[in-house]
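Read through the structure below, which is laid out as structure tokens, and then see the notes.
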Amino acid sequence: MISLTLLLEQAGIAFSGTSIEISGLNTLGDANANELSFLQNKSYLRQLSETKAGAILVSEDVADKVPDGSIAVIVEEPYLALAKLSEAFKPKLIDVDAPEAVIGAGTVIAQGANVERGAVIGENCTILGGAYIGRGAVIGNNTIIHANASIYHDCKVGSDCIIHSSAVIGSDGFGFATTKLGTHVKIHQNGNVVVEDDVEIGASSTVDRAAFGTTWIKTGVRIDNLVQVGHNAIIGEYSVLVSQSGVAGSTELGRNVVFGGQTAAAGHLKIAPFTTFAARSGITHDVKESNKVYGGFPLMEQRQWLRLQAKIARLLKK
Amino acid sequence: MISLTLLLEQAGIAFSGTSIEISGLNTLGDANANELSFLQNKSYLRQLSETKAGAILVSEDVADKVPDGSIAVIVEEPYLALAKLSEAFKPKLIDVDAPEAVIGAGTVIAQGANVERGAVIGENCTILGGAYIGRGAVIGNNTIIHANASIYHDCKVGSDCIIHSSAVIGSDGFGFATTKLGTHVKIHQNGNVVVEDDVEIGASSTVDRAAFGTTWIKTGVRIDNLVQVGHNAIIGEYSVLVSQSGVAGSTELGRNVVFGGQTAAAGHLKIAPFTTFAARSGITHDVKESNKVYGGFPLMEQRQWLRLQAKIARLLKK
Amino acid sequence: MISLTLLLEQAGIAFSGTSIEISGLNTLGDANANELSFLQNKSYLRQLSETKAGAILVSEDVADKVPDGSIAVIVEEPYLALAKLSEAFKPKLIDVDAPEAVIGAGTVIAQGANVERGAVIGENCTILGGAYIGRGAVIGNNTIIHANASIYHDCKVGSDCIIHSSAVIGSDGFGFATTKLGTHVKIHQNGNVVVEDDVEIGASSTVDRAAFGTTWIKTGVRIDNLVQVGHNAIIGEYSVLVSQSGVAGSTELGRNVVFGGQTAAAGHLKIAPFTTFAARSGITHDVKESNKVYGGFPLMEQRQWLRLQAKIARLLKK
């Protein structure tokens, strides 16, 4: 906990209002009475009216929309202010005062594996040489972490999972605020990743930790090699992401979604459950109808894409 | 070796026929008299008639097609049964009873490299810090394994090879059977990868081990960074895979094939030798003509693709 | 230094001219009086006329174009000769005679990190378990190298940088000469990578070292996960490369260029500053106009691409 006044002062942000104790940063939707939130743009005004945040970074023109019970912190660029403040809450990578790692019965930690203090590993796991388990990371039972896979601090991997070599769980989401001069200020990614049970994550795939809250890989998901999952994404139960596909930040897949190879979804989308995307689909809007096969970029039904390509090929003969 | 009766019983599969000793699972084409095979779908009926497999998982309607000398194991879903049975044959990741690793004369193993018991490394190799050589892996002479590269158990890398950092050789192929409820059962990938001599594999590239048999990277191949090679693929001599390209499972490239950046081939294809694919080609069918340059998605000759794009651009002016 | 005569003799290249001492190989533009250069094809004839190289590999037909003061080394295939000669200058991966690594005050090197002799690490850095810092690599102050990231020999990473897990800085560029028989001869990549200050490089991203000279990531650049940067590329200040994008060899981005996800640029291009490329753009020619948004493959302005796709969609209805 840090006082709001001190927090803002450290970041060089002028403020003369009432102070409260702040435990962290969060979105308007998820922040509690001890958290500081922000209004990034006016499309979130409805969320502003309903927020439970203790304090909110806002620009002057919307300061009167901050609900009673929340403190308005008026700044010129709320998103940039958020970035500057995020550093104060960044978690420790190493903590020499944390308890020694807890290792469950039957678990084999190969020589050359790196398990940080404060980690908790369940029973009958295999952690191979060069695998890294960060501070505060939690691993379930019967899980295999292959050589040179990295599980960052505070991330959770469930039971009966397999994480392949060079895979990375919990690297920082790609978040920064850009100043008027074109420089970038990092938004420290203070959330984590939760991988539920019975999940396999392929070699060199990457799952970024959330800015706030959690990037979520649900039960039974299968992720192939070289796949990207952005921060705050949610991958629904038993979904399948084939090699070199990508899910951008905050996009949410329902259960049993299939992404063919090199398919990609833009950020902040919702993809209906039981949808299939042919290889190299490009998804830039919400997909609402289940039980269909989509393809192409721009996206359409795959059978339409096939017909369209046949028509286009005929152009050549004209 | 395990008796067929016991093997099936362990997986909860009812069976009352003659038992034989089973040493492993294999495809219809490659299985021997001590191996159990499976008929995944009816397009393989010809292979069924010619198989040498000792026993075969089949659905009831084709049980009478199983050749004399093979035992029919009738199940509702042969592919799912295969997945359940595959666990019994999964190889050990670590074997404390294996002999100490054999290291050839002149080979330098940097401090911090992880070489498992049962590995064999030839002469004049350099194995850098954090590199991982799994149980039973075999490395030839004069080969460099860079920091944090991972060579899984039972894989072979030839002489005069260079494997760059974060590359992964032998991670599990992306294989699973999906149940009627939409859950997935892993097909344990009990094969390996063979990398022949004079091969270079780039940083963060991934070559998956075979489900059965071998994923094969032949002499003189050059693989750039972030390239995916799926299980059971064969990459012909002196082929070149440029960055972020991918070869899906069981696809076979002839010699001197060139994949431009971000090109991808679907699974189970044959690509003729001396073919070149421009960047971002999408290959979904066999390619039979050598000495041509292809491009586009759907695939065509590159010069056609260029003409087609010029025609399409004219649409804009209409 | 090695005498030109001996150098050529070792590679089996006939030569009877005057000898000089040679310190290395370089391009026509950058070579000095102690360096050997090469004329790869005739589009570089102007550079040949202006070179300061001490000696030059050329084919017989252009030998008379070699300027006074440079020695012409006549060979049938200059690029292949270059490849054969490059091995003589390859840098050491490990040097037991190098001084112990220098570690600045306040820097934490986690147990399990691998720091080679001859490395220099600044103050207040954090080097996590399994991270690799090669011989002669230099790291600035306040930089974080995450678990299992690899910084190759002779590369430089500035201050206030973050390098994520499985990222690779300094792997060999994808360079080889192909013989008439279709085999490949490696061009040893004897340059390095320089990452300036305030740069973040994402998980499993790869930045290749230069063949000669330097691959350059300038101040304030943000690179997401699974991004490829080829040898001798230059990424301008504050540029942003989103996940799964790629920059091929020798391409130069100005400052504040943005590559959307899965965008790729071919090699040897110049991209104007303050340009933005929508996701999956394919860039195959120089981009000269700043302050525009481009998209598509072939590349056009993004608003044109959107109009074109709308027109194409109408084809379906015909």
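Chain lettering (A, B, ...) mirrors the order of the structure tokens, residue numbering begins at 1 for each chain separately, and ligand numbering begins at 1 in order of display.
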
Could I get the residues of chain A with an atom no further than 8 Å from an atom of chain B, each paired with its nearest atom pair and that distance in Å to one decimal, using only C-alpha atoms, sorted by chain and residue number, as JSON lines?
```
{"residue": "A:Gln111", "atom": "CA", "partner": "B:Asn114", "partner_atom": "CA", "distance": 7.7}
{"residue": "A:Gly112", "atom": "CA", "partner": "B:Asn114", "partner_atom": "CA", "distance": 6.3}
{"residue": "A:Gly129", "atom": "CA", "partner": "B:Asn114", "partner_atom": "CA", "distance": 5.9}
{"residue": "A:Gly130", "atom": "CA", "partner": "B:Gly130", "partner_atom": "CA", "distance": 6.0}
{"residue": "A:Ala147", "atom": "CA", "partner": "B:Ser150", "partner_atom": "CA", "distance": 6.5}
{"residue": "A:Asn148", "atom": "CA", "partner": "B:Asn148", "partner_atom": "CA", "distance": 6.3}
{"residue": "A:His164", "atom": "CA", "partner": "B:Ser171", "partner_atom": "CA", "distance": 6.5}
{"residue": "A:Ser165", "atom": "CA", "partner": "B:Val168", "partner_atom": "CA", "distance": 6.4}
{"residue": "A:Ser166", "atom": "CA", "partner": "B:Ser166", "partner_atom": "CA", "distance": 5.7}
{"residue": "A:Gly202", "atom": "CA", "partner": "B:Ser171", "partner_atom": "CA", "distance": 7.5}
{"residue": "A:Ala203", "atom": "CA", "partner": "B:Thr206", "partner_atom": "CA", "distance": 6.5}
{"residue": "A:Ser204", "atom": "CA", "partner": "B:Ser204", "partner_atom": "CA", "distance": 6.2}
{"residue": "A:Gly220", "atom": "CA", "partner": "B:Thr183", "partner_atom": "CA", "distance": 6.7}
{"residue": "A:Asp224", "atom": "CA", "partner": "B:Phe174", "partner_atom": "CA", "distance": 6.1}
{"residue": "A:Asn225", "atom": "CA", "partner": "B:Thr206", "partner_atom": "CA", "distance": 7.0}
{"residue": "A:Leu226", "atom": "CA", "partner": "B:Leu226", "partner_atom": "CA", "distance": 7.2}
{"residue": "A:Tyr238", "atom": "CA", "partner": "B:Thr183", "partner_atom": "CA", "distance": 6.0}
{"residue": "A:Ser243", "atom": "CA", "partner": "B:Gln228", "partner_atom": "CA", "distance": 7.2}
{"residue": "A:Gln244", "atom": "CA", "partner": "B:Gln228", "partner_atom": "CA", "distance": 7.8}
{"residue": "A:Asn256", "atom": "CA", "partner": "B:Gly182", "partner_atom": "CA", "distance": 6.9}
{"residue": "A:Gln309", "atom": "CA", "partner": "B:Pro298", "partner_atom": "CA", "distance": 7.4}
{"residue": "A:Ala313", "atom": "CA", "partner": "B:Leu308", "partner_atom": "CA", "distance": 7.7}
{"residue": "A:Leu315", "atom": "CA", "partner": "B:Leu308", "partner_atom": "CA", "distance": 7.3}
{"residue": "A:Leu316", "atom": "CA", "partner": "B:Leu308", "partner_atom": "CA", "distance": 5.8}
```

Item to complete: Step one, run DSSP on the backbone; step two, keep only residues of range 126-275 of chain C assigned to strand (DSSP E or B); then write them as a PyMOL selection string.
Response: chain C and resi 126-127+132-133+138-139+144-145+150-151+156-157+162-163+168-172+176-178+184-186+192-195+200-201+206-209+214-217+222-223+228-229+234-235+240-241+246-247+252-253+258-259+264-265+270-271

Closest atom pairs, range 32-150 of chain B residues within 8 Å of range 6-11 of chain B, only C-alpha atoms, as JSON lines:
```
{"residue": "B:Lys84", "atom": "CA", "partner": "B:Ala11", "partner_atom": "CA", "distance": 6.2}
{"residue": "B:Leu85", "atom": "CA", "partner": "B:Ala11", "partner_atom": "CA", "distance": 6.2}
{"residue": "B:Ala88", "atom": "CA", "partner": "B:Leu7", "partner_atom": "CA", "distance": 7.6}
```

Any idea what's packed within 9 Å of Gly296 in chain A, counting only C-alpha atoms, ignoring anything in its chain fewer than 4 positions away? Could you give it as a PDB file with N, CA and C atoms, in the first residue's frame?
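Output file selection-v3.pdb follows:
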```pdb
ATOM      1  N   PHE A 277     -11.216 -21.889 -37.829  1.00  0.00           N
ATOM      2  CA  PHE A 277     -10.623 -20.932 -38.750  1.00  0.00           C
ATOM      3  C   PHE A 277      -9.559 -21.641 -39.579  1.00  0.00           C
ATOM      4  N   ALA A 278      -9.733 -21.620 -40.894  1.00  0.00           N
ATOM      5  CA  ALA A 278      -8.764 -22.258 -41.788  1.00  0.00           C
ATOM      6  C   ALA A 278      -7.406 -21.572 -41.648  1.00  0.00           C
ATOM      7  N   ALA A 279      -6.379 -22.239 -42.112  1.00  0.00           N
ATOM      8  CA  ALA A 279      -5.028 -21.694 -42.039  1.00  0.00           C
ATOM      9  C   ALA A 279      -4.986 -20.281 -42.624  1.00  0.00           C
ATOM     10  N   ARG A 280      -4.244 -19.415 -41.953  1.00  0.00           N
ATOM     11  CA  ARG A 280      -3.984 -18.049 -42.392  1.00  0.00           C
ATOM     12  C   ARG A 280      -5.239 -17.160 -42.434  1.00  0.00           C
ATOM     13  N   SER A 281      -6.252 -17.512 -41.650  1.00  0.00           N
ATOM     14  CA  SER A 281      -7.381 -16.584 -41.489  1.00  0.00           C
ATOM     15  C   SER A 281      -6.892 -15.324 -40.800  1.00  0.00           C
ATOM     16  N   GLY A 282      -7.531 -14.205 -41.147  1.00  0.00           N
ATOM     17  CA  GLY A 282      -7.216 -12.943 -40.472  1.00  0.00           C
ATOM     18  C   GLY A 282      -8.490 -12.385 -39.859  1.00  0.00           C
ATOM     19  N   ILE A 283      -8.555 -12.370 -38.542  1.00  0.00           N
ATOM     20  CA  ILE A 283      -9.805 -12.052 -37.834  1.00  0.00           C
ATOM     21  C   ILE A 283      -9.686 -10.659 -37.242  1.00  0.00           C
ATOM     22  N   MET A 300     -14.202 -14.379 -43.993  1.00  0.00           N
ATOM     23  CA  MET A 300     -15.538 -14.740 -44.486  1.00  0.00           C
ATOM     24  C   MET A 300     -15.718 -16.229 -44.185  1.00  0.00           C
ATOM     25  N   GLU A 301     -16.865 -16.778 -44.580  1.00  0.00           N
ATOM     26  CA  GLU A 301     -16.962 -18.236 -44.444  1.00  0.00           C
ATOM     27  C   GLU A 301     -15.985 -18.878 -45.419  1.00  0.00           C
ATOM     28  N   GLN A 302     -15.387 -19.966 -44.994  1.00  0.00           N
ATOM     29  CA  GLN A 302     -14.346 -20.596 -45.795  1.00  0.00           C
ATOM     30  C   GLN A 302     -14.864 -21.018 -47.158  1.00  0.00           C
ATOM     31  N   TRP A 305     -14.802 -18.079 -49.311  1.00  0.00           N
ATOM     32  CA  TRP A 305     -13.423 -17.748 -49.689  1.00  0.00           C
ATOM     33  C   TRP A 305     -12.979 -18.627 -50.859  1.00  0.00           C
ATOM     34  N   LEU A 306     -13.320 -19.897 -50.796  1.00  0.00           N
ATOM     35  CA  LEU A 306     -12.941 -20.812 -51.874  1.00  0.00           C
ATOM     36  C   LEU A 306     -13.616 -20.401 -53.188  1.00  0.00           C
TER      37      LEU A 306
END
```

Worksheet item: What lies within 9 Å of Asn124 in chain B using only C-alpha atoms, ignoring chain neighbours under 2 positions off, as a list in words?
Response: Gly104, Ala105, Gly106, Thr107, Val108, Gly122, Thr126, Asn141, Asn142, Thr143 and Ile144 of chain B

Just C-alpha atoms for this one: save the residues we selected as a compact mmCIF listing (two decimals), in the first residue's frame.
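Heads up, here's the output in out.txt:
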```txt
# COMPACT_ATOMS: atom_id res chain seq x y z
CA GLY B 104 34.24 -37.39 -27.81
CA ALA B 105 37.82 -36.09 -27.88
CA GLY B 106 38.19 -32.37 -28.38
CA THR B 107 34.57 -31.61 -27.51
CA VAL B 108 33.99 -28.64 -25.22
CA GLY B 122 31.10 -36.92 -30.99
CA THR B 126 31.03 -27.17 -28.83
CA ASN B 141 31.46 -34.49 -34.87
CA ASN B 142 32.33 -30.78 -35.20
CA THR B 143 28.79 -29.73 -34.35
CA ILE B 144 27.95 -26.55 -32.43
```

Worksheet entry | Atom pair CA of Cys125 in chain C / CA of Thr219 in chain C: separation (Å) |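 It comes out at 17.9 Å.
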